[in-house]
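Reproduced below: data10.txt, with compact mmCIF, C-alpha atoms and all ligand atoms.
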```txt
# COMPACT_ATOMS: atom_id res chain seq x y z
CA MET I 60 -0.01 -20.47 -103.40
CA THR I 61 2.31 -19.41 -100.62
CA VAL I 62 4.98 -17.09 -102.03
CA LEU I 63 8.58 -18.26 -101.76
CA SER I 64 10.85 -15.30 -101.02
CA VAL I 65 14.47 -16.37 -101.25
CA ASN I 66 16.82 -14.74 -98.76
CA LEU I 67 20.14 -13.93 -100.49
CA ASN I 68 22.10 -13.10 -97.33
CA LYS I 69 24.25 -16.20 -97.62
CA ILE I 70 25.32 -15.36 -101.18
CA ALA I 71 26.64 -12.08 -99.79
CA VAL I 72 28.37 -13.83 -96.87
CA LEU I 73 30.26 -16.10 -99.26
CA ARG I 74 31.21 -13.16 -101.46
CA ASN I 75 32.27 -11.02 -98.48
CA SER I 76 34.58 -13.78 -97.22
CA ARG I 77 36.93 -12.94 -100.10
CA GLY I 78 35.90 -9.42 -101.12
CA ASP I 79 35.28 -8.69 -104.81
CA ASP I 80 32.09 -9.69 -106.61
CA GLU I 81 31.81 -13.49 -106.61
CA PRO I 82 29.38 -15.10 -106.14
CA ASP I 83 27.42 -12.34 -107.83
CA ILE I 84 24.26 -11.48 -105.90
CA ARG I 85 22.59 -10.17 -109.06
CA LYS I 86 23.14 -13.46 -110.83
CA ALA I 87 21.76 -15.37 -107.86
CA CYS I 88 18.75 -13.05 -107.84
CA GLU I 89 18.15 -13.59 -111.55
CA THR I 90 18.47 -17.37 -111.23
CA VAL I 91 16.01 -17.46 -108.34
CA ILE I 92 13.47 -15.32 -110.23
CA ALA I 93 13.86 -17.40 -113.39
CA ALA I 94 13.21 -20.52 -111.31
CA GLY I 95 9.86 -19.08 -110.24
CA ALA I 96 10.40 -17.60 -106.77
CA GLY I 97 7.89 -14.87 -105.98
CA GLY I 98 10.16 -12.75 -103.86
CA ILE I 99 13.68 -11.79 -102.85
CA THR I 100 14.52 -11.15 -99.20
CA VAL I 101 17.58 -9.54 -97.67
CA HIS I 102 18.43 -8.89 -94.05
CA PRO I 103 21.19 -6.28 -93.96
CA ARG I 104 22.79 -5.77 -90.57
CA PRO I 105 24.74 -2.79 -89.24
CA ASP I 106 28.03 -4.74 -89.23
CA GLN I 107 27.50 -5.40 -92.96
CA ARG I 108 28.61 -9.01 -92.76
CA HIS I 109 25.70 -9.93 -95.03
CA VAL I 110 24.01 -7.83 -97.66
CA ARG I 111 25.29 -4.24 -97.90
CA PRO I 112 23.55 -1.04 -98.96
CA GLY I 113 25.09 -1.33 -102.45
CA ASP I 114 23.55 -4.80 -102.77
CA VAL I 115 20.15 -3.37 -101.92
CA ASP I 116 20.52 -0.84 -104.75
CA ALA I 117 21.73 -3.55 -107.15
CA LEU I 118 18.86 -5.86 -106.26
CA VAL I 119 16.24 -3.16 -106.74
CA GLU I 120 17.60 -2.68 -110.26
CA GLN I 121 17.91 -6.40 -110.95
CA ILE I 122 14.43 -7.26 -109.66
CA GLY I 123 12.92 -4.40 -111.65
CA GLY I 124 9.54 -4.85 -109.97
CA ARG I 125 9.10 -8.40 -111.33
CA VAL I 126 8.80 -9.99 -107.88
CA GLU I 127 8.41 -8.64 -104.37
CA PHE I 128 11.44 -7.27 -102.56
CA ASN I 129 11.42 -7.77 -98.78
CA ILE I 130 13.94 -5.95 -96.60
CA GLU I 131 14.28 -7.23 -93.04
CA GLY I 132 15.94 -5.59 -90.08
CA ASN I 133 15.78 -3.77 -86.81
CA GLY I 134 14.37 -0.31 -87.46
CA PHE I 135 15.27 0.86 -83.96
CA ALA I 136 19.00 0.58 -84.60
CA GLY I 137 20.68 3.84 -85.45
CA PRO I 138 23.19 4.35 -88.25
CA ARG I 139 26.64 2.89 -87.67
CA GLY I 140 29.65 3.44 -89.90
CA SER I 141 28.50 3.62 -93.49
CA TYR I 142 25.33 1.62 -92.74
CA PRO I 143 22.45 4.02 -93.28
CA GLY I 144 19.94 2.26 -91.02
CA LEU I 145 16.86 0.29 -92.02
CA VAL I 146 14.53 3.24 -92.49
CA ALA I 147 16.97 4.95 -94.84
CA LEU I 148 17.42 1.72 -96.83
CA VAL I 149 13.66 1.36 -97.20
CA ALA I 150 13.26 5.01 -98.14
CA LYS I 151 15.73 4.52 -100.98
CA ALA I 152 14.81 1.02 -102.14
CA ARG I 153 11.03 1.24 -101.77
CA PRO I 154 10.55 -2.51 -101.24
CA ALA I 155 7.13 -4.15 -101.35
CA GLN I 156 7.59 -5.28 -97.77
CA CYS I 157 9.68 -4.38 -94.76
CA THR I 158 9.90 -7.03 -92.05
CA LEU I 159 10.85 -5.64 -88.67
CA VAL I 160 12.99 -8.02 -86.61
CA PRO I 161 14.19 -7.21 -83.06
CA ASP I 162 17.80 -8.38 -83.54
CA SER I 163 20.60 -6.78 -81.59
CA ASP I 164 23.70 -5.85 -83.59
CA ALA I 165 25.71 -8.69 -82.09
CA GLN I 166 23.33 -11.53 -82.88
CA ILE I 167 24.64 -14.27 -85.15
CA THR I 168 21.16 -14.65 -86.55
CA SER I 169 17.56 -13.85 -85.61
CA ASP I 170 16.41 -15.79 -82.56
CA HIS I 171 13.26 -14.15 -81.19
CA GLY I 172 10.25 -12.06 -82.08
CA PHE I 173 9.01 -8.75 -80.70
CA ASP I 174 7.58 -8.22 -77.26
CA LEU I 175 4.64 -6.32 -78.75
CA ALA I 176 3.57 -4.73 -75.46
CA ALA I 177 7.04 -3.54 -74.45
CA ASP I 178 7.94 -2.35 -77.98
CA ALA I 179 4.56 -0.80 -78.84
CA ALA I 180 5.51 2.84 -78.29
CA ARG I 181 8.53 2.54 -80.58
CA LEU I 182 6.88 0.29 -83.16
CA ARG I 183 3.80 2.43 -83.83
CA PRO I 184 5.60 5.47 -85.35
CA LEU I 185 8.15 3.25 -87.11
CA ILE I 186 5.40 1.22 -88.78
CA ALA I 187 3.64 4.42 -89.83
CA GLU I 188 6.85 5.82 -91.31
CA LEU I 189 7.59 2.65 -93.29
CA LYS I 190 4.02 2.46 -94.56
CA ALA I 191 4.21 6.10 -95.63
CA GLN I 192 7.14 5.01 -97.80
CA GLY I 193 4.87 2.48 -99.49
CA ALA I 194 6.09 -0.67 -97.74
CA ARG I 195 3.83 -3.37 -96.39
CA VAL I 196 5.02 -3.90 -92.84
CA SER I 197 5.42 -7.31 -91.22
CA LEU I 198 6.45 -7.93 -87.61
CA PHE I 199 8.61 -10.89 -86.60
CA VAL I 200 6.85 -12.64 -83.69
CA ASP I 201 7.38 -15.78 -81.67
CA ALA I 202 4.95 -18.62 -82.32
CA ASP I 203 3.81 -18.39 -78.69
CA CYS I 204 3.30 -14.60 -78.88
CA PRO I 205 0.60 -13.91 -76.27
CA ASP I 206 -0.90 -10.80 -77.88
CA VAL I 207 -0.43 -11.08 -81.64
CA GLU I 208 -3.60 -9.01 -82.22
CA ARG I 209 -1.58 -6.04 -80.97
CA ALA I 210 0.37 -6.13 -84.27
CA ALA I 211 -2.81 -5.07 -86.06
CA GLU I 212 -3.51 -2.34 -83.49
CA LEU I 213 0.02 -1.00 -84.09
CA GLY I 214 -0.70 -0.69 -87.81
CA ALA I 215 1.23 -3.69 -89.13
CA ASP I 216 -0.08 -5.53 -92.19
CA ARG I 217 1.38 -8.94 -91.47
CA ILE I 218 3.27 -11.00 -88.97
CA GLU I 219 6.16 -13.32 -89.70
CA ILE I 220 6.16 -16.34 -87.41
CA TYR I 221 9.66 -17.12 -86.11
CA THR I 222 9.89 -20.79 -87.06
CA GLY I 223 13.29 -21.57 -85.50
CA PRO I 224 11.82 -23.54 -82.55
CA TYR I 225 9.50 -25.45 -84.91
CA ALA I 226 12.46 -26.35 -87.15
CA LYS I 227 14.55 -27.55 -84.21
CA ALA I 228 11.64 -29.63 -82.88
CA PHE I 229 11.03 -31.06 -86.34
CA ALA I 230 14.67 -32.16 -86.57
CA ARG I 231 14.22 -33.96 -83.23
CA GLY I 232 11.03 -35.61 -84.50
CA ASP I 233 9.06 -33.91 -81.74
CA HIS I 234 7.33 -30.96 -83.41
CA GLY I 235 3.68 -31.40 -82.37
CA ALA I 236 3.60 -28.63 -79.76
CA ALA I 237 5.79 -26.22 -81.75
CA LEU I 238 3.62 -26.69 -84.84
CA ALA I 239 0.46 -26.17 -82.78
CA ASP I 240 1.91 -22.85 -81.56
CA CYS I 241 2.50 -21.78 -85.17
CA VAL I 242 -1.05 -22.75 -86.18
CA ARG I 243 -2.58 -20.96 -83.19
CA VAL I 244 -0.71 -17.71 -83.75
CA ALA I 245 -1.52 -17.83 -87.48
CA GLU I 246 -5.23 -18.29 -86.76
CA ARG I 247 -5.27 -15.45 -84.25
CA ALA I 248 -3.35 -13.14 -86.58
CA HIS I 249 -5.64 -13.99 -89.49
CA ALA I 250 -8.72 -13.33 -87.34
CA ALA I 251 -7.24 -9.94 -86.44
CA GLY I 252 -6.94 -9.07 -90.13
CA LEU I 253 -3.21 -9.67 -90.42
CA GLY I 254 -1.47 -11.54 -93.21
CA VAL I 255 0.70 -14.44 -92.11
CA ASN I 256 4.32 -15.02 -93.19
CA ALA I 257 6.79 -17.47 -91.70
CA GLY I 258 10.54 -17.90 -91.71
CA HIS I 259 13.74 -19.06 -90.11
CA ASP I 260 15.40 -22.42 -90.49
CA LEU I 261 12.76 -23.68 -92.88
CA ASN I 262 14.02 -26.37 -95.24
CA GLN I 263 12.80 -29.03 -97.64
CA ALA I 264 12.16 -31.45 -94.77
CA ASN I 265 10.05 -29.23 -92.51
CA LEU I 266 8.33 -26.84 -94.94
CA GLY I 267 5.57 -29.10 -96.26
CA THR I 268 4.23 -29.92 -92.80
CA LEU I 269 4.12 -26.24 -91.85
CA ARG I 270 2.45 -25.22 -95.09
CA GLN I 271 -0.22 -27.88 -94.79
CA ALA I 272 -0.96 -26.89 -91.20
CA ILE I 273 -1.31 -23.17 -91.98
CA PRO I 274 -3.67 -22.57 -94.90
CA GLN I 275 -3.36 -18.79 -94.37
CA LEU I 276 0.40 -18.84 -95.08
CA ALA I 277 1.02 -15.94 -97.47
CA GLU I 278 4.81 -16.06 -97.73
CA VAL I 279 7.83 -17.96 -96.49
CA SER I 280 11.30 -16.40 -96.60
CA ILE I 281 14.04 -18.99 -96.76
CA GLY I 282 17.78 -18.52 -97.07
CA HIS I 283 20.23 -20.52 -95.02
CA ALA I 284 19.03 -24.04 -95.84
CA LEU I 285 18.06 -23.22 -99.41
CA ILE I 286 21.45 -21.79 -100.31
CA GLY I 287 23.16 -24.71 -98.54
CA GLU I 288 21.06 -27.26 -100.43
CA ALA I 289 21.78 -25.41 -103.66
CA LEU I 290 25.48 -26.20 -103.26
CA TYR I 291 24.64 -29.81 -104.02
CA ASP I 292 21.69 -29.51 -106.36
CA GLY I 293 22.01 -26.08 -107.98
CA LEU I 294 19.98 -22.96 -107.27
CA SER I 295 17.32 -23.46 -109.97
CA THR I 296 16.60 -27.05 -109.00
CA THR I 297 16.50 -26.20 -105.31
CA VAL I 298 14.07 -23.31 -105.82
CA ALA I 299 11.92 -25.59 -107.96
CA ARG I 300 11.84 -28.18 -105.19
CA TYR I 301 10.64 -25.58 -102.68
CA LEU I 302 7.94 -24.43 -105.10
CA ALA I 303 6.80 -28.01 -105.52
CA ILE I 304 6.54 -28.36 -101.73
CA LEU I 305 4.60 -25.10 -101.46
CA SER I 306 2.18 -26.10 -104.22
CA GLY I 307 1.23 -28.85 -101.80
CA ASN I 308 -1.65 -30.27 -103.79
CA GLY I 309 0.20 -32.23 -106.43
CA THR I 310 -0.59 -29.75 -109.20
CA LEU I 311 3.05 -28.67 -109.43
CA ASN I 312 5.52 -31.49 -109.70
CA ILE I 313 9.26 -31.14 -109.97
CA SER I 314 9.21 -31.39 -113.79
CA ASP I 315 6.58 -28.67 -114.04
CA ALA I 316 8.52 -26.54 -111.61
CA LEU I 317 11.73 -26.94 -113.62
CA ARG I 318 10.10 -26.00 -116.94
CA PRO I 319 11.47 -22.65 -118.18
CA ARG I 320 9.18 -19.72 -117.48
CA PRO I 321 8.38 -17.05 -120.08
C1 LIG I 401 14.35 -12.85 -89.69
C2 LIG I 401 15.12 -14.04 -90.00
O1 LIG I 401 14.91 -15.07 -89.45
C3 LIG I 401 16.13 -14.00 -91.09
O2 LIG I 401 16.31 -12.75 -91.58
C4 LIG I 401 17.44 -14.51 -90.67
O3 LIG I 401 17.97 -13.73 -89.64
C5 LIG I 401 18.35 -14.53 -91.87
O4 LIG I 401 19.33 -15.45 -91.67
P1 LIG I 401 20.85 -15.03 -91.46
O5 LIG I 401 20.89 -14.24 -90.21
O6 LIG I 401 21.53 -16.35 -91.28
O7 LIG I 401 21.27 -14.32 -92.66
N1 LIG I 402 12.81 -14.30 -92.53
C1 LIG I 402 13.55 -15.51 -92.55
C2 LIG I 402 14.55 -15.46 -93.63
O1 LIG I 402 14.61 -14.54 -94.39
C3 LIG I 402 15.47 -16.58 -93.83
O2 LIG I 402 15.79 -17.28 -92.68
P1 LIG I 402 16.76 -18.55 -92.86
O3 LIG I 402 16.09 -19.47 -93.86
O4 LIG I 402 18.05 -18.03 -93.41
O5 LIG I 402 16.86 -19.14 -91.51
```
Represent the structure from my file as structure tokens, please.
Ligand SMILES: CC(=O)[C@@H](O)[C@H](O)COP(=O)(O)O
Ligand SMILES: NCC(=O)COP(=O)(O)O
Amino acid sequence: MTVLSVNLNKIAVLRNSRGDDEPDIRKACETVIAAGAGGITVHPRPDQRHVRPGDVDALVEQIGGRVEFNIEGNGFAGPRGSYPGLVALVAKARPAQCTLVPDSDAQITSDHGFDLAADAARLRPLIAELKAQGARVSLFVDADCPDVERAAELGADRIEIYTGPYAKAFARGDHGAALADCVRVAERAHAAGLGVNAGHDLNQANLGTLRQAIPQLAEVSIGHALIGEALYDGLSTTVARYLAILSGNGTLNISDALRPRP
């Protein structure tokens, strides 16, 4: 089954809006794991408006190797203020996966994938360094990426399809072409020996269609919508609903998904 990795950025944003420790990112992490999620994702940024280096340390301890930890970010960005930079975070946290995303510091959120040709010379040594630290490396790419095979040549293990355009098209009821782009890039990546992840703006409405269209889908990382939906339904129930969608074949219904796990 496709792994659900829950992005906890928005828990940190809410906490940071007041300072102090609430809502507690460790408690959110524990709740998400107990509900059956297979991974935790964070995307720290140099301005530290989301998850901070201390959160990364706390989450490593809280996860305790039970599920995969995925740290996302722009590995080209240098240190700023007390932010140690992505490579230093990975070196300390030793996550299962590092997802490289070409965000500038000023971006509100991620909105594009790598230009693999233009970024090749910088990506190759960065990927090698992260892999030497034991991380699986995934590259954030647009669904219409023209040369996704290059990710494999650069040494990456996976790609993450940027699903923002698909999600927007889905909301308009006009997602045929955007979904076809996602399927095409997934097939090409898979044929090149790459694992296929997807993320950005996925939600309970659009996830099932994507999952059914991409049988190779190894992992989805979902944060913004999931945390928003959890305000109404609770974090455990919301995670269970995503797992039921990802199970996709009717073998996991909502009651099964909500059953306590050992
Ligand atoms: C790569 C990606 O799409 C996510 O990391 C996204 O950027 C996280 O969302 P926020 O920027 O809203 O925390
Ligand atoms: N990699 C995508 C991610 O972690 C979460 O994106 P979003 O669901 O917050 O848009």
Could you give me, as a PDB file with C-alpha atoms, keeping the file's coordinate frame, every polymer residue with an atom at most 9 Å away from an atom of ligand LIG 402 (chain I), counting all atoms listed in the file?
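And here is the file that came out, part-v1.pdb:
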```pdb
ATOM      1  CA  SER I  64      10.850 -15.300-101.020  1.00  0.00           C
ATOM      2  CA  VAL I  65      14.470 -16.370-101.250  1.00  0.00           C
ATOM      3  CA  ASN I  66      16.820 -14.740 -98.760  1.00  0.00           C
ATOM      4  CA  LEU I  67      20.140 -13.930-100.490  1.00  0.00           C
ATOM      5  CA  ASN I  68      22.100 -13.100 -97.330  1.00  0.00           C
ATOM      6  CA  LYS I  69      24.250 -16.200 -97.620  1.00  0.00           C
ATOM      7  CA  ILE I  99      13.680 -11.790-102.850  1.00  0.00           C
ATOM      8  CA  THR I 100      14.520 -11.150 -99.200  1.00  0.00           C
ATOM      9  CA  VAL I 101      17.580  -9.540 -97.670  1.00  0.00           C
ATOM     10  CA  HIS I 102      18.430  -8.890 -94.050  1.00  0.00           C
ATOM     11  CA  ASN I 129      11.420  -7.770 -98.780  1.00  0.00           C
ATOM     12  CA  ILE I 130      13.940  -5.950 -96.600  1.00  0.00           C
ATOM     13  CA  GLU I 131      14.280  -7.230 -93.040  1.00  0.00           C
ATOM     14  CA  THR I 158       9.900  -7.030 -92.050  1.00  0.00           C
ATOM     15  CA  VAL I 160      12.990  -8.020 -86.610  1.00  0.00           C
ATOM     16  CA  THR I 168      21.160 -14.650 -86.550  1.00  0.00           C
ATOM     17  CA  SER I 169      17.560 -13.850 -85.610  1.00  0.00           C
ATOM     18  CA  PHE I 199       8.610 -10.890 -86.600  1.00  0.00           C
ATOM     19  CA  GLU I 219       6.160 -13.320 -89.700  1.00  0.00           C
ATOM     20  CA  ILE I 220       6.160 -16.340 -87.410  1.00  0.00           C
ATOM     21  CA  TYR I 221       9.660 -17.120 -86.110  1.00  0.00           C
ATOM     22  CA  THR I 222       9.890 -20.790 -87.060  1.00  0.00           C
ATOM     23  CA  GLY I 223      13.290 -21.570 -85.500  1.00  0.00           C
ATOM     24  CA  ASN I 256       4.320 -15.020 -93.190  1.00  0.00           C
ATOM     25  CA  ALA I 257       6.790 -17.470 -91.700  1.00  0.00           C
ATOM     26  CA  GLY I 258      10.540 -17.900 -91.710  1.00  0.00           C
ATOM     27  CA  HIS I 259      13.740 -19.060 -90.110  1.00  0.00           C
ATOM     28  CA  ASP I 260      15.400 -22.420 -90.490  1.00  0.00           C
ATOM     29  CA  LEU I 261      12.760 -23.680 -92.880  1.00  0.00           C
ATOM     30  CA  ASN I 262      14.020 -26.370 -95.240  1.00  0.00           C
ATOM     31  CA  VAL I 279       7.830 -17.960 -96.490  1.00  0.00           C
ATOM     32  CA  SER I 280      11.300 -16.400 -96.600  1.00  0.00           C
ATOM     33  CA  ILE I 281      14.040 -18.990 -96.760  1.00  0.00           C
ATOM     34  CA  GLY I 282      17.780 -18.520 -97.070  1.00  0.00           C
ATOM     35  CA  HIS I 283      20.230 -20.520 -95.020  1.00  0.00           C
ATOM     36  CA  ALA I 284      19.030 -24.040 -95.840  1.00  0.00           C
ATOM     37  CA  LEU I 285      18.060 -23.220 -99.410  1.00  0.00           C
ATOM     38  CA  ILE I 286      21.450 -21.790-100.310  1.00  0.00           C
TER      39      ILE I 286
END
```
The residues within 7 Å of (3.6, -17.6, -102.1), using only C-alpha atoms and the coordinates of the file, should be reported as a ChimeraX atom specification; which are they? /I:60-63,97,277-278
Could you write out the selected residues, including C-alpha atoms, as a CSV table (one decimal), in the frame of the given file?
```csv
chain,number,residue,atom,x,y,z
I,60,MET,CA,0.0,-20.5,-103.4
I,61,THR,CA,2.3,-19.4,-100.6
I,62,VAL,CA,5.0,-17.1,-102.0
I,63,LEU,CA,8.6,-18.3,-101.8
I,97,GLY,CA,7.9,-14.9,-106.0
I,277,ALA,CA,1.0,-15.9,-97.5
I,278,GLU,CA,4.8,-16.1,-97.7
```
Mind giving me the axis-aligned box for stretch 75-85 of chain I with 6 Å on every side, centre plus edges in Å to one decimal, as AutoDock Vina command-line options?
```
--center_x 29.8 --center_y -11.9 --center_z -103.1 --size_x 26.3 --size_y 18.4 --size_z 23.8
```
Considering all atoms listed in the file, can you say which of I:Ile186, I:Ala226, I:Leu269, I:Ala194 comes closest to ligand LIG 401 (chain I)? I:Ala226
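Of the listed residues I:Gln192, I:Thr90, I:Gln107, I:Gln263, the one whose atoms come nearest to ligand LIG 401 (chain I) is I:Gln107, with distances taken using all atoms listed in the file.
Taking all atoms listed in the file into account, I:Ala211 lies nearest to I:Gly252 out of the set I:Pro274, I:Arg108, I:Glu120, I:Gly252.
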Select, from I:Ala248, I:Cys157, I:Cys241, I:Ile92, the residue with the minimum atom-to-atom distance to ligand LIG 401 (chain I), counting only C-alpha atoms and all ligand atoms. I:Cys157
State, in Å with one decimal place, the distance from atom CA of I:Arg217 to atom CA of I:Ala180. 18.2 Å
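Rounded to one decimal, atom C1 of ligand LIG 401 (chain I) and atom CA of I:Ser197 lie 10.6 Å from each other.
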Which residue of I:Ala236, I:Leu118, I:Leu294, I:Ile70 approaches ligand LIG 401 (chain I) most closely, using all atoms listed in the file: I:Ile70
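Taking atom CA of I:His234 as the reference point, atom CA of I:Asp201 is found at 15.3 Å.
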For I:Gly267, list every protein, DNA or RNA residue within 9 Å, evaluated using only C-alpha atoms, and leave out those in the same chain fewer than 3 positions away; present the list as a PDB file with C-alpha atoms, in the coordinates of the input.
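Saved the output as result15.pdb:
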```pdb
ATOM      1  CA  ASN I 262      14.020 -26.370 -95.240  1.00  0.00           C
ATOM      2  CA  GLN I 263      12.800 -29.030 -97.640  1.00  0.00           C
ATOM      3  CA  ALA I 264      12.160 -31.450 -94.770  1.00  0.00           C
ATOM      4  CA  ARG I 270       2.450 -25.220 -95.090  1.00  0.00           C
ATOM      5  CA  GLN I 271      -0.220 -27.880 -94.790  1.00  0.00           C
ATOM      6  CA  ALA I 272      -0.960 -26.890 -91.200  1.00  0.00           C
ATOM      7  CA  TYR I 301      10.640 -25.580-102.680  1.00  0.00           C
ATOM      8  CA  ILE I 304       6.540 -28.360-101.730  1.00  0.00           C
ATOM      9  CA  LEU I 305       4.600 -25.100-101.460  1.00  0.00           C
ATOM     10  CA  GLY I 307       1.230 -28.850-101.800  1.00  0.00           C
TER      11      GLY I 307
END
```
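Residues in contact with I:Ser295 at 10 Å, where all atoms listed in the file are counted and same-chain residues fewer than 4 positions away are skipped, are listed as I:Ala87, I:Thr90, I:Val91, I:Ile92, I:Ala93, I:Ala94, I:Gly95, I:Ala96, I:Ala289, I:Ala299, I:Arg300, I:Ala316, I:Leu317.
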Would you pick out the contacts of I:Arg181 at 10 Å or less, using only C-alpha atoms, so that residues sharing its chain but fewer than 6 positions from it are not included, and give the list as number ranges by chain? I: 134-135, 175, 213
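For the residues I:Pro224, I:Gly123, I:Pro143, I:Gly193, ranking by smallest atom-to-atom distance to ligand LIG 401 (chain I) using all atoms listed in the file places I:Pro224 first.
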Spatial neighbours of I:Asp114, max dist 9 Å, only C-alpha atoms, sep filter under 5 positions, as number ranges by chain: I: 71, 84-85, 119
